[in-house]
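Listing of start_8.txt; format and content: compact mmCIF, C-alpha atoms.
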```
# COMPACT_ATOMS: atom_id res chain seq x y z
CA MET A 1 3.34 25.37 -8.54
CA SER A 2 4.55 27.79 -5.86
CA ARG A 3 3.46 25.65 -2.92
CA ALA A 4 4.32 22.06 -1.98
CA ILE A 5 2.29 19.27 -3.57
CA ARG A 6 -0.48 18.15 -1.24
CA VAL A 7 -0.79 14.38 -0.90
CA GLY A 8 -4.15 13.42 0.56
CA VAL A 9 -4.27 10.01 2.23
CA LEU A 10 -7.34 8.04 3.25
CA VAL A 11 -6.02 5.82 6.03
CA PRO A 12 -7.80 3.21 8.17
CA SER A 13 -8.52 4.79 11.53
CA SER A 14 -6.36 2.35 13.50
CA ASN A 15 -3.35 2.63 11.16
CA THR A 16 -0.29 4.04 12.96
CA VAL A 17 2.44 3.40 10.36
CA MET A 18 1.52 4.80 6.95
CA GLU A 19 1.61 8.48 7.79
CA THR A 20 5.04 8.14 9.40
CA ASP A 21 6.43 6.26 6.38
CA LEU A 22 5.10 8.85 3.93
CA HIS A 23 6.43 11.75 5.99
CA ARG A 24 9.84 10.07 6.03
CA GLY A 25 9.79 8.91 2.42
CA LEU A 26 8.52 11.96 0.55
CA ASP A 27 10.72 15.03 0.09
CA HIS A 28 9.51 17.60 2.62
CA GLU A 29 10.37 20.46 0.29
CA ARG A 30 8.19 19.03 -2.51
CA PHE A 31 5.33 17.30 -0.69
CA THR A 32 3.06 17.68 2.32
CA VAL A 33 0.92 14.80 3.60
CA HIS A 34 -2.68 15.27 4.78
CA THR A 35 -4.86 12.47 6.10
CA ALA A 36 -8.47 11.60 6.76
CA ARG A 37 -9.39 8.45 8.66
CA MET A 38 -11.79 5.66 7.64
CA HIS A 39 -13.21 3.64 10.52
CA LEU A 40 -11.58 0.19 10.76
CA VAL A 41 -10.64 -1.92 13.76
CA GLU A 42 -10.76 -5.47 12.32
CA THR A 43 -8.66 -6.60 9.37
CA THR A 44 -11.27 -8.81 7.72
CA PRO A 45 -12.91 -8.69 4.27
CA GLU A 46 -16.28 -7.86 5.82
CA ALA A 47 -14.98 -4.96 7.91
CA GLU A 48 -12.98 -3.59 5.00
CA ARG A 49 -15.99 -3.67 2.67
CA THR A 50 -17.94 -1.74 5.29
CA MET A 51 -15.12 0.79 5.51
CA VAL A 52 -15.11 1.26 1.76
CA THR A 53 -18.85 1.73 1.42
CA GLU A 54 -19.75 3.54 4.65
CA THR A 55 -16.84 5.73 5.74
CA ALA A 56 -14.42 6.14 2.83
CA PRO A 57 -16.64 8.47 0.74
CA GLU A 58 -17.22 10.89 3.63
CA ALA A 59 -13.51 10.80 4.51
CA ALA A 60 -12.72 11.67 0.88
CA ARG A 61 -15.20 14.56 0.97
CA LEU A 62 -13.59 15.96 4.11
CA LEU A 63 -10.10 15.48 2.70
CA GLY A 64 -11.18 17.36 -0.40
CA THR A 65 -11.56 20.54 1.67
CA ALA A 66 -7.74 20.59 1.97
CA ARG A 67 -7.60 20.68 -1.86
CA PRO A 68 -5.13 17.82 -2.32
CA ASP A 69 -3.29 17.39 -5.62
CA VAL A 70 -3.49 13.59 -5.40
CA LEU A 71 -5.45 11.18 -3.19
CA VAL A 72 -4.17 7.83 -1.94
CA PHE A 73 -6.61 5.12 -0.86
CA GLY A 74 -4.32 3.79 1.85
CA CYS A 75 -5.43 0.19 2.41
CA THR A 76 -3.78 -2.55 0.36
CA SER A 77 -6.05 -5.44 1.29
CA ALA A 78 -9.33 -3.53 0.94
CA GLY A 79 -8.26 -2.39 -2.50
CA SER A 80 -7.46 -5.97 -3.50
CA LEU A 81 -10.98 -7.19 -2.75
CA GLY A 82 -12.16 -5.83 -6.09
CA GLY A 83 -9.10 -7.00 -8.00
CA LEU A 84 -6.66 -4.81 -9.88
CA ASP A 85 -9.26 -2.89 -11.88
CA GLY A 86 -11.43 -2.55 -8.79
CA ASP A 87 -8.58 -0.98 -6.83
CA ARG A 88 -7.96 1.54 -9.58
CA ARG A 89 -11.66 2.38 -9.93
CA LEU A 90 -12.07 2.79 -6.18
CA ALA A 91 -9.12 5.17 -5.96
CA GLU A 92 -10.39 7.13 -8.97
CA ASP A 93 -13.92 7.38 -7.54
CA LEU A 94 -12.67 8.57 -4.16
CA GLY A 95 -10.30 10.98 -5.86
CA GLU A 96 -13.23 12.40 -7.81
CA ILE A 97 -15.04 13.06 -4.53
CA ALA A 98 -11.93 14.83 -3.22
CA GLY A 99 -11.43 16.71 -6.48
CA CYS A 100 -8.12 15.21 -7.57
CA PRO A 101 -6.58 12.09 -9.18
CA GLY A 102 -6.65 8.92 -7.06
CA VAL A 103 -3.98 6.28 -6.42
CA GLY A 104 -4.53 2.75 -5.07
CA VAL A 105 -1.94 0.77 -3.10
CA ILE A 106 -2.12 -2.71 -4.62
CA SER A 107 -2.17 -1.32 -8.17
CA SER A 108 0.84 0.84 -7.27
CA ALA A 109 2.59 -2.26 -5.92
CA VAL A 110 1.99 -4.17 -9.15
CA GLU A 111 3.45 -1.26 -11.11
CA ALA A 112 6.48 -1.11 -8.80
CA LEU A 113 7.10 -4.84 -9.22
CA GLU A 114 6.77 -4.52 -13.00
CA ARG A 115 9.40 -1.76 -13.01
CA ARG A 116 11.75 -4.19 -11.26
CA GLY A 117 11.10 -6.86 -13.89
CA ALA A 118 9.56 -9.24 -11.36
CA ALA A 119 7.68 -12.17 -12.91
CA ARG A 120 7.76 -14.40 -9.81
CA VAL A 121 6.87 -12.66 -6.55
CA ALA A 122 6.91 -14.09 -3.03
CA LEU A 123 4.34 -12.53 -0.72
CA LEU A 124 4.54 -11.71 2.99
CA THR A 125 1.60 -10.15 4.83
CA PRO A 126 0.47 -9.67 8.42
CA TYR A 127 -3.06 -10.75 7.38
CA THR A 128 -5.29 -13.75 7.79
CA GLU A 129 -5.37 -16.42 5.09
CA SER A 130 -8.33 -14.92 3.20
CA LEU A 131 -6.77 -11.48 2.80
CA THR A 132 -3.35 -12.92 1.97
CA ALA A 133 -5.05 -14.94 -0.76
CA SER A 134 -6.78 -11.79 -2.04
CA ILE A 135 -3.43 -10.02 -2.40
CA ALA A 136 -1.94 -13.07 -4.18
CA ARG A 137 -4.85 -13.18 -6.64
CA THR A 138 -4.41 -9.51 -7.45
CA LEU A 139 -0.69 -9.99 -8.12
CA GLU A 140 -1.58 -12.90 -10.40
CA GLU A 141 -4.15 -10.73 -12.13
CA GLY A 142 -1.27 -8.35 -12.81
CA GLY A 143 0.51 -11.15 -14.69
CA MET A 144 2.83 -12.39 -11.93
CA GLU A 145 3.37 -15.83 -10.50
CA VAL A 146 3.21 -16.11 -6.73
CA PRO A 147 5.29 -19.19 -5.80
CA ALA A 148 5.06 -18.71 -2.01
CA THR A 149 2.95 -16.77 0.46
CA ASP A 150 3.04 -16.27 4.21
CA GLY A 151 0.59 -14.43 6.46
CA LEU A 152 0.92 -13.71 10.16
CA GLY A 153 -2.82 -14.17 10.80
CA ILE A 154 -3.45 -10.85 12.57
CA GLU A 155 -7.08 -9.61 12.62
CA ASP A 156 -6.81 -6.68 15.03
CA ASN A 157 -5.89 -3.82 12.72
CA ILE A 158 -3.89 -1.83 15.25
CA ALA A 159 -1.85 -4.96 16.04
CA LEU A 160 -0.61 -5.11 12.44
CA ALA A 161 1.93 -2.50 13.52
CA ASP A 162 3.25 -4.57 16.44
CA PRO A 163 5.90 -6.73 14.69
CA THR A 164 9.23 -4.93 14.68
CA PRO A 165 11.24 -4.44 11.49
CA GLU A 166 13.71 -7.01 12.82
CA GLU A 167 10.92 -9.55 13.33
CA ILE A 168 9.52 -8.88 9.87
CA ALA A 169 12.93 -9.33 8.27
CA ALA A 170 13.57 -12.55 10.19
CA ARG A 171 10.19 -13.93 9.14
CA ALA A 172 10.83 -13.10 5.49
CA VAL A 173 14.25 -14.75 5.51
CA GLU A 174 12.92 -17.83 7.32
CA ARG A 175 10.00 -18.32 4.91
CA PHE A 176 11.53 -17.34 1.59
CA ALA A 177 15.28 -18.09 1.72
CA GLY A 178 14.87 -21.08 -0.60
CA VAL A 179 12.09 -19.74 -2.81
CA ASP A 180 12.73 -19.15 -6.50
CA CYS A 181 11.46 -15.60 -6.96
CA ASP A 182 12.46 -12.34 -8.59
CA ALA A 183 11.18 -10.07 -5.82
CA LEU A 184 9.30 -10.00 -2.54
CA PHE A 185 6.16 -7.98 -1.91
CA VAL A 186 5.50 -7.19 1.75
CA SER A 187 1.91 -6.01 1.95
CA CYS A 188 0.05 -3.68 4.33
CA THR A 189 0.27 0.05 4.96
CA ASN A 190 0.12 -0.59 8.74
CA PHE A 191 3.08 -3.00 8.76
CA ARG A 192 6.62 -1.76 9.46
CA ALA A 193 7.87 -3.34 6.25
CA LEU A 194 9.52 -0.27 4.77
CA GLU A 195 11.93 -0.20 7.72
CA ALA A 196 12.57 -3.93 7.29
CA ALA A 197 13.15 -3.84 3.52
CA PRO A 198 16.92 -3.12 3.50
CA ALA A 199 17.65 -6.08 5.78
CA ILE A 200 15.44 -8.40 3.72
CA GLU A 201 17.09 -7.32 0.48
CA ALA A 202 20.55 -7.84 1.96
CA ALA A 203 19.68 -11.32 3.24
CA LEU A 204 17.74 -12.62 0.22
CA GLY A 205 19.51 -10.77 -2.57
CA ARG A 206 16.15 -9.82 -4.10
CA PRO A 207 14.39 -6.47 -4.45
CA VAL A 208 11.65 -5.80 -1.91
CA VAL A 209 8.54 -3.74 -2.59
CA THR A 210 6.35 -2.72 0.34
CA SER A 211 2.92 -1.11 0.29
CA ASN A 212 4.17 2.25 1.52
CA LEU A 213 7.21 2.23 -0.76
CA ALA A 214 4.91 1.56 -3.72
CA VAL A 215 2.75 4.55 -2.72
CA ILE A 216 5.78 6.83 -2.37
CA GLU A 217 6.99 5.83 -5.83
CA ALA A 218 3.51 6.18 -7.36
CA VAL A 219 3.05 9.68 -5.96
CA GLU A 220 6.49 10.80 -7.14
CA ARG A 221 5.96 9.32 -10.62
CA ARG A 222 2.51 10.86 -10.99
CA VAL A 223 3.88 14.28 -10.14
CA GLU A 224 6.84 13.87 -12.51
CA SER A 225 4.49 12.76 -15.27
CA ALA A 226 2.21 15.76 -14.71
CA ALA A 227 5.23 18.09 -14.78
CA GLY A 228 6.35 16.53 -18.05
CA ARG A 229 2.97 17.22 -19.65
CA ALA A 230 2.90 20.83 -18.45
```

Please express the file's structure as structure tokens.
Amino acid sequence: MSRAIRVGVLVPSSNTVMETDLHRGLDHERFTVHTARMHLVETTPEAERTMVTETAPEAARLLGTARPDVLVFGCTSAGSLGGLDGDRRLAEDLGEIAGCPGVGVISSAVEALERRGAARVALLTPYTESLTASIARTLEEGGMEVPATDGLGIEDNIALADPTPEEIAARAVERFAGVDCDALFVSCTNFRALEAAPAIEAALGRPVVTSNLAVIEAVERRVESAAGRA
């Protein structure tokens, strides 16, 4: 391919973190990132279901006009509401609308944790209890034990981006320092977890997977796999 690989991202409209993380994390010479926004202001199951059914398909149609090579459904918690298979189907369906393969965040996170050999995974989220529980169930559906969870209880979607990387790292160390786990998953594409991950790993001595890191790895692996088949 003579041009850069176009990564299409469907992002909740009030998300201010994911695009920056992907621009930083993906090689600028190999990838370009293109987004369409799905209306969301409240981080609740009800609001996320509305986003999925009412605004995501049109956002995917618009994104398709940029002819992306891969589409990312960029909301971890919304994807988890249908479980692991539901996340994959949703990403595939939206990718079909956009005319390209689709990638989901929570399914990408499960794959990233599997690559690290993680059987017991501690979970940190900025979400309310119900969405934190949804993420935990999806990890368990992927065959992992979740010995400890912690959610910050934030419902205002734009406020998910307010905790600093230092605050996220301190919270993770405070909650999980004594937990028997193989890895930590820090969920949410609108949470500054990718910036916090090195400090968490240094303090806990465990690998850390974040939503946006999982997406970066999934996109890179999909492209490498496609190149290998060519």

Q. Which one of A:Glu217, A:Asp69, A:Asp85, A:Asp162 sits closest to Gly99 of chain A if you count only C-alpha atoms?
A. A:Asp69

Q) Pick from A:Leu90, A:Ala177, A:Leu194, A:Leu63: nearest to Met18 of chain A, with all atoms listed in the file counted? A)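 Closest to Met18 of chain A of all the choices is A:Leu194.
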
Q. With only C-alpha atoms as the basis for distance, which of A:Ala203, A:Ala133, A:Leu124, A:Ile216 is at the shortest distance from Gly25 of chain A?
A.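 For Gly25 of chain A, the nearest of the given residues is A:Ile216.
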
Q: Tell me which protein, DNA and RNA residues are within 12 Å of segment 41-58 of chain A, counting all atoms listed in the file, leaving out same-chain ones fewer than 5 positions away, and put them as a PyMOL selection string.
A: chain A and resi 9-16+35-36+63-65+71-82+86-87+90-98+125-135+152-160+188-190

Q: Enter the distance from atom CA of Arg206 of chain A to atom CA of Pro165 of chain A, in Å, rounded to one decimal.
A: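 Calculated distance between atom CA of Arg206 of chain A and atom CA of Pro165 of chain A is 17.2 Å.
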
Q | Length of the atom CA of Ala183 of chain A to atom CA of Leu113 of chain A vector [Å] | A |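 Atom-to-atom, atom CA of Ala183 of chain A to atom CA of Leu113 of chain A, that is 7.5 Å.
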
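With atom CA of Phe191 of chain A on one side and atom CA of Val105 of chain A on the other, the separation reads 13.4 Å.
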
Edge lengths and centre, in Å to one decimal, as JSON: that's what I need for the box along x, y and z that holds all listed atoms of segment 176-187 of chain A plus 8 Å on each side.
```
{"center_x": 8.6, "center_y": -13.5, "center_z": -3.3, "size_x": 29.4, "size_y": 31.1, "size_z": 26.5}
```

Q: Determine, counting all atoms listed in the file, which protein, DNA and RNA residues have an atom within 7 Å of an atom of Leu184 of chain A; residues of the same chain fewer than 5 positions away are not included. Present the result as a list of chain:residue names.
A: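 Counting all atoms listed in the file, the residues come to A:Val121, A:Ala122, A:Leu123, A:Pro207, A:Val208, A:Val209.
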
Q. Between A:Val17, A:Leu40, A:Ile200, A:Ala148, which is the closest to Ala161 of chain A once you count only C-alpha atoms?
A.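 Using only C-alpha atoms, Ala161 of chain A sits closest to A:Val17.
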
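For the set A:Ala202, A:Val223, A:Met38, A:Cys181, the residue with the smallest atom-to-atom gap to Ala169 of chain A is A:Ala202, counting only C-alpha atoms.
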
Q) Which of these, A:Ala199, A:Thr164, A:Leu139, A:Val173, has the shortest distance to Ser187 of chain A once you count all atoms listed in the file? A) A:Leu139
